[in-house]
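Visitor: Take a look at protein04.txt, compact mmCIF, C-alpha atoms and all ligand atoms:
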# COMPACT_ATOMS: atom_id res chain seq x y z
CA MET A 1 53.65 -23.13 8.46
CA ASP A 2 56.11 -21.62 5.92
CA GLU A 3 55.80 -23.19 2.47
CA GLN A 4 59.25 -23.96 0.97
CA LYS A 5 59.94 -21.91 -2.18
CA LYS A 6 60.24 -23.94 -5.40
CA ARG A 7 63.73 -24.14 -6.92
CA GLY A 8 64.30 -21.66 -9.75
CA LEU A 9 64.90 -22.77 -13.34
CA LEU A 10 68.23 -22.45 -15.12
CA ILE A 11 67.30 -21.04 -18.54
CA VAL A 12 70.26 -20.84 -20.91
CA VAL A 13 70.35 -19.00 -24.23
CA GLU A 14 73.02 -20.07 -26.72
CA GLY A 15 73.80 -19.44 -30.36
CA ILE A 16 76.47 -17.96 -32.57
CA ASP A 17 77.23 -14.22 -32.49
CA GLY A 18 74.40 -12.06 -33.80
CA THR A 19 71.57 -14.54 -33.24
CA GLY A 20 69.93 -12.18 -30.74
CA LYS A 21 70.90 -13.79 -27.41
CA SER A 22 71.42 -10.57 -25.42
CA SER A 23 68.18 -9.05 -26.73
CA GLN A 24 66.18 -12.19 -25.87
CA VAL A 25 67.77 -12.75 -22.44
CA LYS A 26 66.80 -9.25 -21.37
CA MET A 27 63.26 -9.52 -22.77
CA LEU A 28 62.66 -12.92 -21.17
CA ALA A 29 63.98 -11.91 -17.73
CA ASP A 30 61.91 -8.68 -17.85
CA ALA A 31 58.77 -10.57 -18.93
CA LEU A 32 59.15 -13.14 -16.13
CA ARG A 33 59.62 -10.37 -13.54
CA SER A 34 56.58 -8.52 -14.91
CA ILE A 35 54.37 -11.52 -14.05
CA GLY A 36 55.78 -11.79 -10.53
CA GLU A 37 58.48 -14.44 -11.01
CA ASP A 38 61.94 -13.85 -9.50
CA ALA A 39 64.39 -13.80 -12.42
CA LEU A 40 68.06 -12.91 -12.65
CA GLN A 41 69.45 -11.72 -16.01
CA ASP A 42 73.00 -13.01 -16.24
CA ARG A 43 75.79 -13.80 -18.69
CA GLU A 44 79.08 -15.59 -19.31
CA PRO A 45 81.85 -14.60 -19.30
CA SER A 46 80.41 -13.53 -15.95
CA ASP A 47 80.75 -10.23 -14.13
CA GLY A 48 82.92 -11.93 -11.50
CA PRO A 49 86.71 -11.54 -11.18
CA PHE A 50 87.68 -14.12 -13.86
CA GLY A 51 84.91 -13.07 -16.23
CA LYS A 52 86.17 -9.48 -16.04
CA ILE A 53 89.67 -10.64 -16.94
CA LEU A 54 88.27 -12.59 -19.93
CA ARG A 55 86.22 -9.63 -21.20
CA ALA A 56 89.26 -7.33 -20.92
CA SER A 57 91.40 -9.86 -22.81
CA MET A 58 89.03 -9.68 -25.78
CA THR A 59 89.99 -6.08 -26.44
CA GLU A 60 93.41 -5.84 -24.77
CA GLY A 61 95.04 -9.04 -26.09
CA ARG A 62 93.96 -12.67 -26.02
CA PHE A 63 95.47 -15.38 -23.83
CA SER A 64 96.97 -18.52 -25.36
CA PRO A 65 94.21 -21.09 -26.13
CA ASP A 66 95.21 -23.17 -23.06
CA ALA A 67 95.30 -20.22 -20.68
CA GLU A 68 92.00 -18.94 -22.08
CA LEU A 69 90.28 -22.30 -21.58
CA GLU A 70 91.57 -22.45 -18.00
CA MET A 71 90.19 -18.96 -17.38
CA PHE A 72 86.73 -19.87 -18.81
CA HIS A 73 86.63 -22.85 -16.45
CA LYS A 74 87.73 -20.76 -13.44
CA ASP A 75 85.06 -18.22 -14.30
CA ARG A 76 82.35 -20.88 -14.64
CA ARG A 77 83.24 -22.62 -11.36
CA GLN A 78 83.14 -19.31 -9.49
CA HIS A 79 79.91 -18.25 -11.24
CA VAL A 80 78.13 -21.58 -10.63
CA ASN A 81 79.12 -21.74 -6.94
CA ASP A 82 78.71 -18.09 -5.98
CA VAL A 83 75.83 -16.90 -8.19
CA ILE A 84 73.89 -19.57 -10.12
CA LEU A 85 73.35 -22.26 -7.46
CA PRO A 86 72.48 -19.82 -4.63
CA ALA A 87 69.97 -18.03 -6.91
CA LEU A 88 68.29 -21.30 -7.99
CA GLU A 89 68.14 -22.51 -4.40
CA ALA A 90 66.48 -19.22 -3.36
CA GLY A 91 63.76 -19.82 -6.00
CA THR A 92 65.09 -17.33 -8.55
CA HIS A 93 65.13 -18.26 -12.24
CA VAL A 94 68.51 -17.59 -13.87
CA VAL A 95 68.28 -16.44 -17.50
CA LEU A 96 71.80 -16.90 -18.77
CA ASP A 97 73.41 -15.50 -21.95
CA ARG A 98 75.95 -18.26 -22.88
CA TYR A 99 77.13 -21.21 -20.75
CA TYR A 100 79.28 -24.30 -21.20
CA PHE A 101 77.85 -24.99 -24.66
CA SER A 102 79.79 -21.88 -25.75
CA THR A 103 82.98 -23.47 -24.39
CA MET A 104 82.23 -26.61 -26.41
CA ALA A 105 81.62 -24.45 -29.51
CA TYR A 106 84.30 -21.72 -29.36
CA GLN A 107 87.09 -23.59 -27.59
CA GLY A 108 86.14 -26.59 -29.78
CA ALA A 109 86.72 -24.32 -32.79
CA ASN A 110 90.14 -23.55 -31.24
CA GLY A 111 91.06 -27.24 -31.47
CA PHE A 112 89.99 -28.69 -28.10
CA ASP A 113 88.00 -31.93 -28.06
CA VAL A 114 84.30 -31.07 -27.86
CA ALA A 115 83.24 -34.26 -26.03
CA GLU A 116 86.00 -33.78 -23.41
CA LEU A 117 84.99 -30.14 -22.91
CA ARG A 118 81.42 -31.25 -22.30
CA GLU A 119 82.45 -33.94 -19.82
CA THR A 120 84.69 -31.55 -17.87
CA ASN A 121 81.97 -28.91 -17.63
CA GLU A 122 79.18 -31.33 -16.74
CA SER A 123 81.32 -32.60 -13.84
CA PHE A 124 80.85 -29.27 -12.02
CA ALA A 125 78.20 -27.19 -13.83
CA PRO A 126 74.51 -28.17 -13.59
CA ALA A 127 72.74 -28.95 -16.87
CA PRO A 128 70.14 -26.33 -17.82
CA ASP A 129 66.41 -26.85 -17.29
CA ILE A 130 65.83 -25.17 -20.64
CA LEU A 131 68.43 -24.54 -23.33
CA PHE A 132 67.26 -22.19 -26.08
CA ILE A 133 69.47 -22.67 -29.13
CA LEU A 134 69.00 -19.55 -31.25
CA ASP A 135 69.73 -20.82 -34.72
CA LEU A 136 70.58 -18.66 -37.70
CA ASP A 137 72.40 -19.06 -40.98
CA VAL A 138 76.03 -17.85 -40.61
CA ASP A 139 75.66 -15.29 -43.44
CA GLN A 140 72.61 -13.74 -41.79
CA ALA A 141 74.39 -13.68 -38.41
CA LEU A 142 77.43 -11.98 -39.96
CA GLU A 143 75.17 -9.44 -41.62
CA ARG A 144 73.64 -8.57 -38.24
CA ILE A 145 76.96 -8.09 -36.45
CA GLY A 146 78.75 -6.59 -39.49
CA THR A 147 81.81 -8.34 -40.87
CA ARG A 148 85.11 -7.08 -39.56
CA GLY A 149 88.59 -7.28 -41.12
CA ASP A 150 89.77 -8.35 -44.57
CA GLU A 151 88.44 -11.10 -46.83
CA ALA A 152 90.76 -13.81 -45.42
CA ASN A 153 89.58 -13.04 -41.87
CA GLU A 154 86.01 -13.16 -43.07
CA PHE A 155 86.47 -16.68 -44.45
CA GLU A 156 88.12 -17.78 -41.19
CA GLN A 157 85.33 -16.21 -39.17
CA ARG A 158 82.67 -17.87 -41.34
CA ASP A 159 84.27 -21.32 -40.91
CA ALA A 160 84.63 -20.90 -37.15
CA LEU A 161 81.01 -19.75 -36.77
CA GLN A 162 79.76 -22.65 -38.90
CA PHE A 163 81.70 -25.03 -36.60
CA CYS A 164 80.12 -23.34 -33.55
CA ARG A 165 76.62 -23.52 -35.06
CA ASP A 166 77.09 -27.26 -35.68
CA VAL A 167 78.23 -27.81 -32.07
CA PHE A 168 75.19 -25.97 -30.68
CA LEU A 169 72.89 -28.05 -32.89
CA SER A 170 74.65 -31.27 -31.84
CA VAL A 171 72.81 -31.14 -28.47
CA LYS A 172 69.37 -30.46 -30.01
CA ASP A 173 68.01 -33.91 -28.99
CA GLU A 174 68.62 -33.37 -25.26
CA SER A 175 65.30 -33.21 -23.37
CA TYR A 176 66.07 -29.65 -22.22
CA ALA A 177 66.91 -28.29 -25.70
CA ARG A 178 64.58 -26.05 -27.74
CA VAL A 179 65.83 -24.95 -31.16
CA ILE A 180 64.53 -21.48 -32.05
CA ASP A 181 64.58 -20.19 -35.61
CA SER A 182 66.17 -16.75 -35.16
CA SER A 183 65.23 -15.30 -38.53
CA PRO A 184 61.79 -13.83 -37.58
CA SER A 185 61.36 -10.53 -35.71
CA ILE A 186 62.69 -10.01 -32.17
CA GLU A 187 59.11 -9.86 -30.87
CA THR A 188 58.04 -13.11 -32.57
CA ILE A 189 61.02 -14.95 -31.10
CA HIS A 190 60.38 -13.47 -27.67
CA ALA A 191 56.74 -14.63 -27.71
CA GLU A 192 57.81 -18.19 -28.60
CA MET A 193 60.51 -18.32 -25.92
CA LEU A 194 58.21 -16.91 -23.23
CA LYS A 195 55.53 -19.47 -24.07
CA LEU A 196 58.05 -22.32 -23.83
CA ALA A 197 59.53 -20.98 -20.58
CA LEU A 198 56.10 -20.61 -18.97
CA ALA A 199 55.23 -24.18 -19.95
CA GLU A 200 58.20 -25.35 -17.83
CA ILE A 201 57.58 -22.97 -14.93
CA HIS A 202 53.89 -23.87 -14.44
N1 LIG B 1 65.30 -11.26 -34.64
C1 LIG B 1 66.09 -10.28 -35.04
N2 LIG B 1 65.91 -9.72 -36.25
C2 LIG B 1 66.73 -8.74 -36.69
N3 LIG B 1 67.74 -8.21 -35.99
C3 LIG B 1 67.97 -8.72 -34.77
C4 LIG B 1 67.17 -9.78 -34.22
N4 LIG B 1 67.64 -10.09 -33.00
C5 LIG B 1 68.68 -9.28 -32.76
N5 LIG B 1 68.88 -8.44 -33.82
C6 LIG B 1 69.92 -7.43 -33.96
O1 LIG B 1 71.14 -8.12 -34.19
C7 LIG B 1 72.21 -7.52 -33.47
C8 LIG B 1 72.81 -8.55 -32.50
O2 LIG B 1 71.83 -8.82 -31.48
P1 LIG B 1 72.25 -9.29 -30.03
O3 LIG B 1 73.34 -8.44 -29.49
O4 LIG B 1 71.01 -9.45 -29.21
O5 LIG B 1 72.82 -10.73 -30.42
P2 LIG B 1 73.86 -11.65 -29.65
O6 LIG B 1 73.52 -13.04 -30.08
O7 LIG B 1 73.83 -11.37 -28.19
O8 LIG B 1 75.24 -11.19 -30.28
P3 LIG B 1 76.75 -11.39 -29.72
O9 LIG B 1 76.90 -12.83 -29.37
O10 LIG B 1 77.60 -10.98 -30.89
O11 LIG B 1 76.88 -10.48 -28.52
C9 LIG B 1 71.62 -6.28 -32.78
O12 LIG B 1 71.81 -5.18 -33.63
C10 LIG B 1 70.15 -6.63 -32.67
O13 LIG B 1 69.32 -5.48 -32.62
C1 LIG B 2 81.01 -18.34 -22.33
C2 LIG B 2 82.04 -18.38 -23.42
C3 LIG B 2 82.17 -17.34 -24.31
N1 LIG B 2 83.11 -17.38 -25.28
C4 LIG B 2 83.25 -16.26 -26.21
C5 LIG B 2 82.15 -16.15 -27.23
C6 LIG B 2 82.17 -14.67 -27.57
O1 LIG B 2 83.14 -14.47 -28.57
C7 LIG B 2 82.61 -14.02 -26.27
C8 LIG B 2 81.47 -13.42 -25.46
O2 LIG B 2 80.95 -12.39 -26.17
P1 LIG B 2 79.43 -11.85 -26.02
O3 LIG B 2 79.22 -11.10 -27.28
O4 LIG B 2 79.43 -10.98 -24.81
O5 LIG B 2 78.52 -13.02 -25.87
O6 LIG B 2 83.21 -15.06 -25.49
C9 LIG B 2 83.96 -18.46 -25.38
O7 LIG B 2 84.84 -18.49 -26.26
N2 LIG B 2 83.83 -19.50 -24.51
C10 LIG B 2 82.91 -19.50 -23.53
O8 LIG B 2 82.81 -20.48 -22.73
Could I get this structure in the form of structure tokens?
Guide:
Amino acid sequence: MDEQKKRGLLIVVEGIDGTGKSSQVKMLADALRSIGEDALQDREPSDGPFGKILRASMTEGRFSPDAELEMFHKDRRQHVNDVILPALEAGTHVVLDRYYFSTMAYQGANGFDVAELRETNESFAPAPDILFILDLDVDQALERIGTRGDEANEFEQRDALQFCRDVFLSVKDESYARVIDSSPSIETIHAEMLKLALAEIH
């Protein structure tokens, strides 16, 4: 008789810009595949139709805050229904670079109510099985990504990133959350995340 495949895990990696999310998502998905697990490396904004529009808007001209929020939600609904849920149901782990915690953080920094953003998203997007919060001091993060623009912009950017960092840390007591100090080497962080992921998988 065919044994039913176990549901995959939704493994989300969040943190402010420069904390090493993209590097760690790739390393974790590769490491899981190398030990025979099915793992999809994925990201938001997604590579679907609305995600593509959002990525283009970041270089070609931003939407108004309301239109941008609507587009993030359209992207997430499409991504959850067409990619994330089918993959999890097929037994594939989804290792995701940003998710609705980024909406709470960045659109929260744009003036939207963080608790309302969370409620809206949790009404249609499944909670993660593991949420890695890559945590780093804003100055160190800015150093990694390089500061852009004049001094006034830099102050604005610092304030917005500090707000985002605080929002990410505000969910640290959820059972699925794991706060990761992102100041050590890429390899040290990878080893810690892989160990924690394997503890959930097995
Ligand atoms: N632990 C680390 N120590 C030092 N440098 C790192 C570390 N992790 C990542 N970096 C470097 O920091 C930069 C940003 O890394 P990465 O793109 O993985 O971060 P990110 O969180 O995805 O950033 P963004 O959100 O801006 O896309 C890269 O140059 C990367 O090599
Ligand atoms: C999912 C999501 C993302 N954002 C913002 C955060 C970043 O500025 C960009 C994505 O850039 P990355 O370097 O490719 O991670 O999008 C957002 O404002 N709201 C969201 O929900």
Visitor: For region 171-173 of chain A, find every residue with an atom within 9 Å (counting all atoms listed in the file), except residues of its own chain fewer than 6 positions away, and show them as a list in words.
Guide: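 Counting only the stated atoms, we get Phe101, Leu131, Ile133 and Val179 of chain A.
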Visitor: Grab the CA of Ser183 (chain A) to atom C2 of ligand LIG 1 (chain B) distance for me, in Å with one decimal place.
Guide: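 Atom-to-atom, CA of Ser183 (chain A) to atom C2 of ligand LIG 1 (chain B), that is 7.0 Å.
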Visitor: Report, in Å with one decimal, the straight-line distance from CA of Ile180 (chain A) to atom O11 of ligand LIG 1 (chain B).
Guide: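 Atom O11 of ligand LIG 1 (chain B) lies at a distance of 16.9 Å from CA of Ile180 (chain A).
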Visitor: Given a cut-off of 7 Å, what residues near ligand LIG 1 (chain B) show up using all atoms listed in the file, put as a list in words?
Guide: Gly15, Ile16, Asp17, Gly18, Thr19, Gly20, Lys21, Ser22, Ser23, Gln24, Arg144, Ile145, Ser182, Ser183, Pro184, Ser185, Ile186 and Ile189 of chain A
Visitor: Can you pull out every residue with an atom within 6 Å of ligand LIG 2 (chain B)? Use all atoms listed in the file and format it as a VMD selection string.
Guide: chain A and resid 44 to 45 72 98 to 100 102 to 103 106 to 107
Visitor: Please identify all polymer residues within 9 Å of region 51-65 of chain A, counting all atoms listed in the file, omitting same-chain residues fewer than 5 positions from it, and present them as a list in words.
Guide: Glu44, Pro45, Ser46, Glu70, Met71, Phe72, Lys74, Asp75, Arg76, His79, Gln107, Asn110, Gly111 and Phe112 of chain A
Visitor: Find, counting all atoms listed in the file, the residue in A:Ile201, A:Val114, A:Ala39, A:Glu122 that gets nearest to Phe163 (chain A).
Guide: A:Val114
Visitor: Out of A:Leu134, A:Asp129, A:Ile35, A:Arg77, which residue has the shortest atom-to-atom distance to Tyr176 (chain A) when counting all atoms listed in the file?
Guide: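 The shortest atom-to-atom distance to Tyr176 (chain A) comes from A:Asp129.
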Visitor: Take the point (65.1, -19.6, -14.8) as written in the file and pick out every residue within 9 Å of it, counting only C-alpha atoms; give the list as number ranges by chain.
Guide: A: 8-12, 29, 32, 38-40, 88, 91-96, 128-130, 197, 201
Visitor: I need the residue nearest Leu28 (chain A) from this list: A:Asp66, A:Ala90, A:Glu154, A:Val13. Use all atoms listed in the file for the distance.
Guide: A:Val13
Visitor: Counting only C-alpha atoms, which residue out of A:Asp181, A:Glu174, A:Glu68, A:Glu156 sits closest to Ala127 (chain A)?
Guide: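 Of A:Asp181, A:Glu174, A:Glu68, A:Glu156, the one nearest Ala127 (chain A) is A:Glu174, counting only C-alpha atoms.
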Visitor: Distance CA of Val167 (chain A)-CA of Ser123 (chain A), one decimal place?
Guide: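 Those two atoms sit 19.1 Å apart.
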Visitor: Go through A:Glu116, A:Glu200, A:Asp42, A:Asp135 one by one, measure the shortest atom-to-atom distance of each to Leu161 (chain A) using all atoms listed in the file, and give the residue with the smallest value.
Guide: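 Ranking A:Glu116, A:Glu200, A:Asp42, A:Asp135 by distance to Leu161 (chain A), first place goes to A:Asp135.
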